[in-house]
Structure formats: C-alpha cells, structure tokens
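Have a look at the structure below before the remarks.
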Amino acid sequence: MHRNLLIVCATLLFIGAIIALSINSVESQSDMVQRGKYLVDTVGACGHCHTPRAGAEYNMGMYLAGHPANAPYPRYNFSMMQQGIFILTSTQMTAFSGPFGTSFASNLTPDKETGLGEWTEEMFIQAIRTGLHQGVAGNRKIFPPMPTKHYAQMNDEDLKAIWAYLRTIKPVNNEVSSPLNSRGRPY
C-alpha cells in the first residue's frame, strides 16, 4: 500500500514539474516576443524603412512588408553628387538610391513566398552578423541604409527576441525587388 502511494506521489510530483516547466516556457516565450517587439518598434525602429508610408502615416496593412511590389523608386545619377545629393528615397521611404545603387527595404513578415517565412533563426542571426543576404557566404550584401554594422553588435538573446517577434506578425505577400547596382541592373 505504501509503495503504491509512493508511486502515485512521485508521478504527481513529476507531472507537476512538467506543468511548471511548461508554464515557465510559455511565459518566457511571451516575454521574448515582447522584448522583440520593443527592439523592432523602439530601439531598431525597423518600421521606419520596412513599413511603407502613405504621406506622413505608416501603412499598417503593410507593417514590415518592405518596399511595395511595383511601386516607383528613385534613380540616382552621379551628377547629383556635385549638387551635394548623396541619397534619394522613395515617397514611401522604402527604397533608397545612391552611389551604391538602389536598395529596397525587405519584407520582414513571415510570409513563406516573399518574406522571412522560409528562413531559420540561424539564417536571420547570420544575416545580421555578416551583413549578407540570408547570412550565407557568397550571397549579396545587405545594402544601405540598413545599418548592419551596428545591428551586428546586438547580443544573441536580443536577435533571438527580434526573430521570435517577427514570427508573430501578420504575413504579407509582397515581392520586393532585388537591389540594383549603380547601372540599374540587379546584383
């Protein structure tokens, strides 16, 4: 009888421990997502470039979806440098053109076709750390004005929190153009 009672108590204690660990895991995941939201919206100000504007307002239906597909973009020419113009931006503030070429703010939503939906956390962290698309050696660079040198200094916990948050936002199907070199050709 005592042995059965001991087994029941041990089993209940084990189940209780699993439930407690699960609750802590859910709470810590929620905390991580909230930390990521703070880093994306406040510290990194990602929406300033990755969310298109309609006039002075952000188009929140396109939150972090990057430069709108087929939207016009600026075209830089080197004679502008003589006039003191070093960078142009689109009216949506999502495309940038300068001596480096033209870059388009990427779709950071978890859309599987046009966003980060097929990326892994490791790819995301490596992209930020290396400044290379998808964090893969041999891929194109991530172009200005993305401050990858600064974001590369973030610790892994913060980058994981950003990744966790980005996985929770609404996926937006928006095919962003590839960056263009200074002659207007894709890199």
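For the structure tokens, the naming scheme is as follows: chains receive sequential letters (A, B, ...) according to their order of presentation, residues are indexed from 1 within each chain, and ligands are indexed from 1 in presentation order.
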
Item to check | Expected answer as a PyMOL selection string: strand (DSSP E) residues in chain A | outcome: chain A and resi 53-54+57-58+88-89+95-98+101-104

Next on the checklist: Let's see if you can do this: from backbone DSSP, list all alpha helix (DSSP H) residues in chain A, as JSON, numbers by chain.
Outcome noted: {"A": [2, 3, 4, 5, 6, 7, 8, 9, 10, 11, 12, 13, 14, 15, 16, 17, 18, 19, 20, 21, 22, 23, 24, 25, 26, 27, 28, 29, 30, 31, 32, 33, 34, 35, 36, 37, 38, 47, 48, 49, 50, 79, 80, 81, 82, 121, 122, 123, 124, 125, 126, 127, 128, 129, 130, 148, 149, 150, 151, 156, 157, 158, 159, 160, 161, 162, 163, 164, 165, 166]}

Checklist entry - For Leu159 (chain A), which residue among A:Ile125, A:Ala54, A:Ala105, A:Ile85 is the nearest when counting only C-alpha atoms? => result A:Ile125

Next on the checklist: At a cut-off of 12 Å, using only C-alpha atoms, what residues contact Glu57 (chain A)? Leave out same-chain residues fewer than 3 positions from it and give the result as a ChimeraX atom specification.
Outcome noted: /A:47-48,51-54,60-63,91-93

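Note that the spacing between CA of Lys141 (chain A) and CA of Asn70 (chain A) amounts to 22.3 Å.
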
Item to check | Residues near Ser177 (chain A), cut-off 8 Å, only C-alpha atoms, skip fewer than 2 positions along chain, as a list in words | outcome: His67, Ala69, Phe104, Glu175 and Pro179 of chain A

With N, CA, C and O atoms retained, could you export that selection as a PDB file, in the first residue's frame?
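Contents of out.pdb, as written:
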```
ATOM      1  N   HIS A  67       9.412  47.397 -49.320  1.00  0.00           N
ATOM      2  CA  HIS A  67       9.030  48.245 -50.449  1.00  0.00           C
ATOM      3  C   HIS A  67       7.906  47.574 -51.232  1.00  0.00           C
ATOM      4  O   HIS A  67       8.031  46.409 -51.630  1.00  0.00           O
ATOM      5  N   ALA A  69       5.655  46.024 -53.935  1.00  0.00           N
ATOM      6  CA  ALA A  69       5.925  45.474 -55.266  1.00  0.00           C
ATOM      7  C   ALA A  69       5.423  46.452 -56.323  1.00  0.00           C
ATOM      8  O   ALA A  69       4.340  47.021 -56.205  1.00  0.00           O
ATOM      9  N   PHE A 104      16.134  48.216 -51.646  1.00  0.00           N
ATOM     10  CA  PHE A 104      14.721  48.175 -51.294  1.00  0.00           C
ATOM     11  C   PHE A 104      14.578  47.518 -49.928  1.00  0.00           C
ATOM     12  O   PHE A 104      15.169  46.462 -49.692  1.00  0.00           O
ATOM     13  N   GLU A 175       6.306  40.901 -52.933  1.00  0.00           N
ATOM     14  CA  GLU A 175       7.585  40.575 -53.582  1.00  0.00           C
ATOM     15  C   GLU A 175       8.400  41.853 -53.737  1.00  0.00           C
ATOM     16  O   GLU A 175       8.044  42.731 -54.520  1.00  0.00           O
ATOM     17  N   PRO A 179      18.124  44.322 -55.042  1.00  0.00           N
ATOM     18  CA  PRO A 179      18.874  45.571 -55.180  1.00  0.00           C
ATOM     19  C   PRO A 179      19.478  45.710 -56.570  1.00  0.00           C
ATOM     20  O   PRO A 179      19.749  44.713 -57.233  1.00  0.00           O
TER      21      PRO A 179
END
```
